[in-house]
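Chemist: Submitted below is the structure of interest, expressed as structure tokens.
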Amino acid sequence: MIMKGQKRKHPPEDVEVSDRSSPTWESQRQFVFSVSLNKYQHGQELPEPSLRRSVLIANTLRQVSLEAFGAPSVDMEVSQPLSSSSSALQESIFTAAKHHPAVMFSNSHSALVSCPLVSINDVSNCARSPANCNLSASNVPLSVKDEDEDWGSMSTDSDFSLSAAISSILTALDSTIDSSPQTAPRTPLKSLENLSGSSDGGVEWVKQGVRGYGGSWEQQEEWRVRESSFEVMRSSYLSELTVEDLFQDIDTSLLERDMGVLGLRGSGGGYPTGEDLLRYLPPFSSSPPHPFSLSLNQNMKCLPSLSSFSPLSSSPLSLSSPPFSSQNHVREGLELDHLMEILVES
Amino acid sequence: MAGKLLLKGGKGPTSLGVAGGNDFQWCFSQVKGAIDEDVADADIISTVEFNYSGELLATGDKGGRVVIFQHEQESKNRPHLRGEYNVYSTFQSHEPEFDYLKSLEIEEKINKIRWLPQQNAAHFLLSTNDKTIKLWKISERDKRAEGYNLKDEDGRLRDPFRITSLRVPVLMPMDLMVEASPRRIFANAHTYHINSISVNSDHETYLSADDLRINLWHLEITDRSFNIVDIKPANMEELTEVITAAECHPHQCNVFVYSSSKGTIRLCDMRSAALCDRHSKFFEEPEDPSSRSFFSEIISSISDVKFSHSGRYMMTRDYLSVKVWDLNMENRPVETYQVHEYLRSKLCSLYENDCIFDKFECCWNGSDSAIMTGSYNNFFRMFDRNTRRDITLEASRESSKPRATLKPRKVSTGGKRKKDEISVDSLDFNKKILHTAWHPKDNVIAVAATNNLYIFQDKIN
């Protein structure tokens with residue numbers, strides 16, 4: 001039943017188990033969870049994941065993690081989504097959760113309380129919760145533990161220190177979700193479209209850019225550009241970086257080396273760091289004669305390495321490939337850097 | 001419909017009574033496509049559609065090509081054979097494109113083809129990929145004008161001063177040439193992937209649906225469309241449901257339906273508001289709590305919705321079943337047919353290998369008395385709505401002898417496997433029949449199996 005060339009891992013009981021109390025239910029739930037997580041991550045890595053597939057997987061993940069706590073409907077407000085969308089971080093969390101369930105236990109409940117409705121970006125939360133359920137079922141009966149639960153009471157094995165550090169990062173991020181952005185080391189990652197100030201700014205910018213050519217673009221084109229300007233950096237619709245995030249804790253040398261397609265939003269206003277970035281980049285002052293090259297202009301503003309690029313002479317294909325890969329580079333580099341910083345501090 | 005009269009043949013095990021009570025036997029007619037084991041990705045058929053008369057059969061593939069087959073007239077010498085479908089026209093409908101703003105490739109795969117009703121000698125069809133819809137005109141040319149006095153015999157232009165007499169060109173017959181030309185290109189209206197197009201009964205407008213929006217177009221106007229449904233949430237993180245299919249009502253030009261990934265269907269009336277976000281009718285079957293599982297939502301996701309020809313019913317296909325709904329009853333379907341219930345216990349594995357996301361289509365026969373849909377292992381299923389009988393057939397090269405009657409297939413679910421049955425674990429999940437089409441008038445069906453197109457018809461005794 002397996003497709004050619006595919007390895008079979010963790011063969012679950014294939015019989016559908018709808019009875020929660022059955023022992024196979026838990027193993028099946030965990031299997032579904034791990035498969036869903038993998039699929040979700042793989043989907044995000046694709047340049048353009050199928051929306052239907054992503055939504056179905058995310059809904060399944062949500063359902064599985066909610067069922068872990070047996071509380072399908074919790075009447076609490078949706079909090080800001082958790083940060084950490086890097087697959088590296090998620091993998092490490094999940095591996096840690098799987099192998100060192102005891103450590104995660106104390107934080108799980110509080111984390112869940114603060115982010116009860118598992119949104120798409122709460123995957124890291126999900127990563128921890130099922131392991132806890134597993135533990136609770138097999139060991140001590142589930143009891144509410146404070147966030148202040150003493151870490152020292154947990155095993156002091158060196159193996160646990162990494163997972164402890166990771167979970168503490170997440171808890172720290174949890175608690176700073178609602179607080180002002182200045183106190184958090186990084187603002188939670190949000191998708192571009194949802195930032196109210198920026199969206200208007202972005203629209204304005206696009207409109208200016210487009211209308212500057214005598215409104216020669218048709219209605220739909222403008223609409224499409226407006227939409228796609230928000231989605232231009234996306235590798236998925238769900239886990240995004242803001243310009244602010246990238247600029248906050250990196251030095252400009254990193255920026256000048258490789259940058260993603262970020263300048264599009266930077267000039268939208270409300271993000272002074274974005275404008276700072278643009279100042280570092282060589283100015284692009286030529287005025288192209290027709291609308292299409294305007295978008296190329298804006299793209300090129302954020303690619304200092306291509307500053308000598310002439311919009312009309314080269315093929316746009318070469319323009320588009322660097323931003324995507326370098327954006328990923330920067331993102332992963334930043335996440336790991338940040339993680340290391342915190343580990344060193346603790 | 002009791003008391004049907006059996007006019008010909010006996011009631012054999014392979015027969016399925018359709019369209020007037022006669023028993024028919026499905027037999028192989030033709031297969032189109034390459035035989036080799038290595039299937040090029042571009043050759044995979046992605047859509048199949050008969051035109052309104054059934055004379056033409058169009059297929060679209062992943063390589064962006066459209067191939068149209070035409071039904072040849074029955075030969076006078078051999079009247080017991082139905083005519084065959086032969087290639088009429090082949091053209092490249094869509095090319096791969098690059099979206100520079102998003103740095104993404106746009107696939108050229110043809111997602112849907114829909115024919116327009118024929119109004120003159122030419123044929124028109126709409127074909128769409130993920131982002132762009134095109135209106136194609138397919139016309140025949142079998143005459144050529146000859147005898148212009150503007151050119152020499154060898155084609156050089158004559159000096160106007162040397163032309164002293166007027167010569168009217170004469171139409172001379174030539175070999176039939178079928179030309180396909182793009183007449184309209186409807187682009188830049190969809191941010192998300194287009195999954196459906198549907199021609200309205202007014203023959204002037206059509207709708208196109210992507211994951212989150214539905215647009216209404218006029219066939220003559222390419223630079224704008226009306227957005228009639230938008231389910232995109234303000235906060236994309238709150239997105240839990242997408243549009244999976246949409247169709248216009250066959251007779252009421254103001255009515256259309258769209259299905260969702262949560263197993264619901266909404267019927268909308270365009271007269272009520274410009275933006276049809278509020279549905280007129282909401283069709284959903286309450287979930288059976290005893291069969292609830294982790295995959296309940298995924299398998300409830302509707303992959304296709306089709307109105308019956310009468311316009312009174314609609315049919316939806318989800319992963320394991322086909323449901324027929326009466327448009328006047330919203331709380332549950334009137335008929336439910338299990339396509340491959342034996343897969344219910346395998347959902348975990350099917351989720352792992354992604355098969356659970358396969359989108360199967362379904363279709364009605366001309367009289368709405370039977371429905372057909374595909375399955376795995378190149379099996380396809382037909383259900384007779386009147387007799388409640390069903391049959392499983394296979395599209396394979398082995399059973400592809402001319403006019404050979406198809407043998408019904410069976411999947412064994414229990415421990416004991418009877419002879420000729422196939423066990424669930426032996427099914428080939430790479431061989432899936434996602435696209436099928438039924439001739440609007442006759443009992444001729446087209447079944448797309450990966451890169452091959454099978455045509456089956458009833459045996460006229």
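Letters A, B, ... go to the chains of the structure tokens in the order shown; residues in each chain start at 1; ligands are counted from 1 in the same order.
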Counting only C-alpha atoms, which residues from chain B have an atom at most 9 Å from any atom of chain A, and could you show them as an MDAnalysis selection string?

Modeler: chainID B and resid 98 100:105 187:193 211 223:225 234:244 261:262 289:295 297:298 301 344:353 357 424:430

Chemist: Would you mind writing down, as a PyMOL selection string, each residue of range 300-399 of chain B that DSSP on the backbone assigns to strand (DSSP E)?

Modeler: chain B and resi 304-307+313-317+321-326+335-338+362-364+370-374+379-384+390-394

Chemist: Any chance you can output those residues with N, CA and C atoms as an mmCIF file, in the first residue's frame?

Modeler:
```
data_model
loop_
_atom_site.group_PDB
_atom_site.id
_atom_site.type_symbol
_atom_site.label_atom_id
_atom_site.label_comp_id
_atom_site.auth_asym_id
_atom_site.auth_seq_id
_atom_site.Cartn_x
_atom_site.Cartn_y
_atom_site.Cartn_z
ATOM 1 N N ASP B 304 -15.751 17.480 -5.576
ATOM 2 C CA ASP B 304 -16.461 17.831 -6.804
ATOM 3 C C ASP B 304 -17.934 18.021 -6.491
ATOM 4 N N VAL B 305 -18.556 18.932 -7.195
ATOM 5 C CA VAL B 305 -20.000 19.123 -7.071
ATOM 6 C C VAL B 305 -20.570 19.279 -8.481
ATOM 7 N N LYS B 306 -21.660 18.564 -8.765
ATOM 8 C CA LYS B 306 -22.256 18.613 -10.108
ATOM 9 C C LYS B 306 -23.771 18.634 -9.983
ATOM 10 N N PHE B 307 -24.378 19.562 -10.682
ATOM 11 C CA PHE B 307 -25.836 19.567 -10.761
ATOM 12 C C PHE B 307 -26.282 18.442 -11.679
ATOM 13 N N TYR B 313 -31.376 18.143 -8.627
ATOM 14 C CA TYR B 313 -30.476 17.518 -7.668
ATOM 15 C C TYR B 313 -29.060 18.017 -7.902
ATOM 16 N N MET B 314 -28.233 17.768 -6.896
ATOM 17 C CA MET B 314 -26.808 17.962 -7.118
ATOM 18 C C MET B 314 -26.081 16.805 -6.431
ATOM 19 N N MET B 315 -24.909 16.529 -6.935
ATOM 20 C CA MET B 315 -24.134 15.401 -6.421
ATOM 21 C C MET B 315 -22.808 15.933 -5.897
ATOM 22 N N THR B 316 -22.367 15.418 -4.766
ATOM 23 C CA THR B 316 -21.068 15.819 -4.226
ATOM 24 C C THR B 316 -20.216 14.583 -4.013
ATOM 25 N N ARG B 317 -18.939 14.745 -4.188
ATOM 26 C CA ARG B 317 -17.995 13.632 -3.987
ATOM 27 C C ARG B 317 -17.054 14.016 -2.867
ATOM 28 N N SER B 321 -17.255 8.680 -0.376
ATOM 29 C CA SER B 321 -18.635 8.469 -0.847
ATOM 30 C C SER B 321 -19.067 9.515 -1.852
ATOM 31 N N VAL B 322 -20.207 9.218 -2.490
ATOM 32 C CA VAL B 322 -20.876 10.175 -3.373
ATOM 33 C C VAL B 322 -22.255 10.404 -2.781
ATOM 34 N N LYS B 323 -22.659 11.649 -2.715
ATOM 35 C CA LYS B 323 -23.970 11.956 -2.131
ATOM 36 C C LYS B 323 -24.802 12.733 -3.133
ATOM 37 N N VAL B 324 -26.062 12.362 -3.199
ATOM 38 C CA VAL B 324 -27.005 13.084 -4.047
ATOM 39 C C VAL B 324 -27.895 13.903 -3.132
ATOM 40 N N TRP B 325 -27.984 15.178 -3.426
ATOM 41 C CA TRP B 325 -28.789 16.088 -2.616
ATOM 42 C C TRP B 325 -29.976 16.579 -3.424
ATOM 43 N N ASP B 326 -31.099 16.704 -2.736
ATOM 44 C CA ASP B 326 -32.251 17.378 -3.318
ATOM 45 C C ASP B 326 -32.096 18.853 -2.952
ATOM 46 N N GLU B 335 -29.501 10.549 -1.162
ATOM 47 C CA GLU B 335 -28.869 9.263 -1.450
ATOM 48 C C GLU B 335 -27.387 9.357 -1.128
ATOM 49 N N THR B 336 -26.865 8.281 -0.581
ATOM 50 C CA THR B 336 -25.430 8.206 -0.313
ATOM 51 C C THR B 336 -24.911 6.894 -0.854
ATOM 52 N N TYR B 337 -23.858 6.966 -1.615
ATOM 53 C CA TYR B 337 -23.267 5.756 -2.192
ATOM 54 C C TYR B 337 -21.828 5.644 -1.717
ATOM 55 N N GLN B 338 -21.477 4.481 -1.198
ATOM 56 C CA GLN B 338 -20.107 4.260 -0.733
ATOM 57 C C GLN B 338 -19.248 3.844 -1.923
ATOM 58 N N CYS B 362 -16.911 13.374 -10.223
ATOM 59 C CA CYS B 362 -18.068 12.491 -10.391
ATOM 60 C C CYS B 362 -18.895 13.043 -11.543
ATOM 61 N N CYS B 363 -19.762 12.208 -12.115
ATOM 62 C CA CYS B 363 -20.602 12.709 -13.205
ATOM 63 C C CYS B 363 -21.921 11.967 -13.281
ATOM 64 N N TRP B 364 -22.896 12.628 -13.883
ATOM 65 C CA TRP B 364 -24.220 12.063 -14.115
ATOM 66 C C TRP B 364 -24.281 11.500 -15.524
ATOM 67 N N ALA B 370 -28.116 7.485 -13.466
ATOM 68 C CA ALA B 370 -26.910 6.809 -12.988
ATOM 69 C C ALA B 370 -25.807 7.827 -12.749
ATOM 70 N N ILE B 371 -24.902 7.459 -11.849
ATOM 71 C CA ILE B 371 -23.761 8.325 -11.569
ATOM 72 C C ILE B 371 -22.489 7.491 -11.597
ATOM 73 N N MET B 372 -21.382 8.158 -11.851
ATOM 74 C CA MET B 372 -20.117 7.447 -11.982
ATOM 75 C C MET B 372 -19.021 8.241 -11.291
ATOM 76 N N THR B 373 -18.072 7.514 -10.715
ATOM 77 C CA THR B 373 -16.923 8.167 -10.107
ATOM 78 C C THR B 373 -15.754 7.199 -10.105
ATOM 79 N N GLY B 374 -14.561 7.706 -9.863
ATOM 80 C CA GLY B 374 -13.362 6.882 -9.935
ATOM 81 C C GLY B 374 -12.876 6.435 -8.572
ATOM 82 N N PHE B 379 -9.809 1.443 -10.872
ATOM 83 C CA PHE B 379 -11.216 1.052 -10.795
ATOM 84 C C PHE B 379 -12.079 2.295 -10.911
ATOM 85 N N PHE B 380 -13.263 2.097 -11.472
ATOM 86 C CA PHE B 380 -14.263 3.161 -11.412
ATOM 87 C C PHE B 380 -15.606 2.521 -11.106
ATOM 88 N N ARG B 381 -16.467 3.323 -10.516
ATOM 89 C CA ARG B 381 -17.722 2.778 -9.989
ATOM 90 C C ARG B 381 -18.904 3.479 -10.634
ATOM 91 N N MET B 382 -19.957 2.701 -10.863
ATOM 92 C CA MET B 382 -21.196 3.270 -11.404
ATOM 93 C C MET B 382 -22.353 2.843 -10.510
ATOM 94 N N PHE B 383 -23.228 3.764 -10.237
ATOM 95 C CA PHE B 383 -24.380 3.487 -9.383
ATOM 96 C C PHE B 383 -25.651 3.812 -10.153
ATOM 97 N N ASP B 384 -26.577 2.862 -10.110
ATOM 98 C CA ASP B 384 -27.888 3.096 -10.712
ATOM 99 C C ASP B 384 -28.808 3.609 -9.620
ATOM 100 N N ASP B 390 -24.883 -1.381 -8.046
ATOM 101 C CA ASP B 390 -23.638 -0.702 -8.369
ATOM 102 C C ASP B 390 -22.681 -1.698 -8.995
ATOM 103 N N ILE B 391 -21.720 -1.158 -9.667
ATOM 104 C CA ILE B 391 -20.768 -2.029 -10.364
ATOM 105 C C ILE B 391 -19.390 -1.383 -10.296
ATOM 106 N N THR B 392 -18.387 -2.226 -10.195
ATOM 107 C CA THR B 392 -17.008 -1.751 -10.214
ATOM 108 C C THR B 392 -16.334 -2.298 -11.452
ATOM 109 N N LEU B 393 -15.755 -1.425 -12.243
ATOM 110 C CA LEU B 393 -15.078 -1.844 -13.466
ATOM 111 C C LEU B 393 -13.648 -1.344 -13.433
ATOM 112 N N GLU B 394 -12.838 -1.898 -14.286
ATOM 113 C CA GLU B 394 -11.430 -1.519 -14.310
ATOM 114 C C GLU B 394 -11.032 -1.025 -15.686
#
```

Chemist: Point out the residue among B:Leu343, B:Gln73, B:Leu219, B:Leu166 with the least atom-to-atom distance to Trp136 in chain B, counting only C-alpha atoms.

Modeler: B:Leu219

Chemist: Between B:Pro160, B:Gly415, B:Gly54, B:Pro408, which is the closest to Glu84 in chain B once you count only C-alpha atoms?

Modeler: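 Comparing B:Pro160, B:Gly415, B:Gly54, B:Pro408 against Glu84 in chain B, the winner is B:Gly54.
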
Chemist: Please provide as a PyMOL selection string all residues within 9 Å of range 450-454 of chain B, with the sequence filter that same-chain residues fewer than 6 positions apart are discarded (counting only C-alpha atoms).

Modeler: chain B and resi 28-35+39-46+48+59+61+378+395-396+400+430-434

Chemist: Would you mind listing what lies within 8 Å of Tyr148 in chain B as a list in words, with only C-alpha atoms counted and same-chain residues fewer than 5 positions away left out?

Modeler: Arg167, Val168 and Pro169 of chain B

Chemist: Write the selection just made, keeping N, CA, C and O atoms, as a tab-separated table (two decimals), in the first residue's frame?

Modeler:
```tsv
chain	number	residue	atom	x	y	z
B	167	ARG	N	-10.73	39.70	-61.56
B	167	ARG	CA	-10.95	38.26	-61.46
B	167	ARG	C	-11.44	37.95	-60.05
B	167	ARG	O	-10.81	38.33	-59.07
B	168	VAL	N	-12.56	37.31	-59.95
B	168	VAL	CA	-13.12	36.96	-58.62
B	168	VAL	C	-12.50	35.65	-58.17
B	168	VAL	O	-12.53	34.67	-58.91
B	169	PRO	N	-11.96	35.61	-56.97
B	169	PRO	CA	-11.38	34.35	-56.49
B	169	PRO	C	-12.45	33.26	-56.37
B	169	PRO	O	-13.62	33.54	-56.10
```

Chemist: Extract, using only C-alpha atoms, all DNA, RNA and protein residues at most 10 Å from range 200-209 of chain B, discarding same-chain residues fewer than 6 positions from it, and format them as a count of residues only.

Modeler: 42

Chemist: Residues of range 72-268 of chain B classed as helix (DSSP H, G or I) by DSSP on the backbone are to be reported as a ChimeraX atom specification.

Modeler: /B:160-162,236-238

Chemist: Please dump the current selection as a compact mmCIF listing (two decimals), in the first residue's frame; keep N, CA, C and O atoms.

Modeler:
```txt
# COMPACT_ATOMS: atom_id res chain seq x y z
N PRO B 160 0.53 46.87 -59.78
CA PRO B 160 -0.89 47.24 -59.95
C PRO B 160 -1.22 47.78 -61.33
O PRO B 160 -2.33 47.63 -61.80
N PHE B 161 -0.26 48.39 -61.97
CA PHE B 161 -0.57 48.98 -63.28
C PHE B 161 -0.75 47.91 -64.34
O PHE B 161 -1.31 48.19 -65.39
N ARG B 162 -0.21 46.73 -64.05
CA ARG B 162 -0.31 45.68 -65.07
C ARG B 162 -1.62 44.89 -64.96
O ARG B 162 -1.89 44.04 -65.76
N MET B 236 -5.42 35.93 8.07
CA MET B 236 -5.23 34.66 7.38
C MET B 236 -4.98 33.49 8.32
O MET B 236 -5.18 32.34 7.96
N GLU B 237 -4.55 33.80 9.52
CA GLU B 237 -4.33 32.70 10.46
C GLU B 237 -5.62 32.07 10.92
O GLU B 237 -5.62 31.00 11.49
N GLU B 238 -6.72 32.77 10.69
CA GLU B 238 -8.01 32.21 11.06
C GLU B 238 -8.62 31.38 9.95
O GLU B 238 -9.75 30.92 10.07
```

Chemist: Give me the residues near Asn443 in chain B as an MDAnalysis selection string, where near means some atom within 8 Å (using only C-alpha atoms) and where sequence neighbours in that chain fewer than 5 positions away do not count.

Modeler: chainID B and resid 365 438 457:458

Chemist: Kindly give the distance, in Å, that separates CA of Glu26 in chain A and CA of Arg62 in chain A, rounded to a single decimal.

Modeler: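 Computing the Euclidean distance for CA of Glu26 in chain A and CA of Arg62 in chain A yields 15.5 Å.
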
Chemist: I'd like the neighbourhood of Asn120 in chain B as a VMD selection string, where a residue qualifies if any of its atoms comes within 12 Å (using only C-alpha atoms), though same-chain residues fewer than 3 positions away should be ignored.

Modeler: chain B and resid 116 to 117 123 to 124 137 to 140

Chemist: For CA of Lys459 in chain B and CA of Cys27 in chain B, quote the distance in Å rounded to one decimal.

Modeler: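 Interatomic distance here is 6.4 Å.
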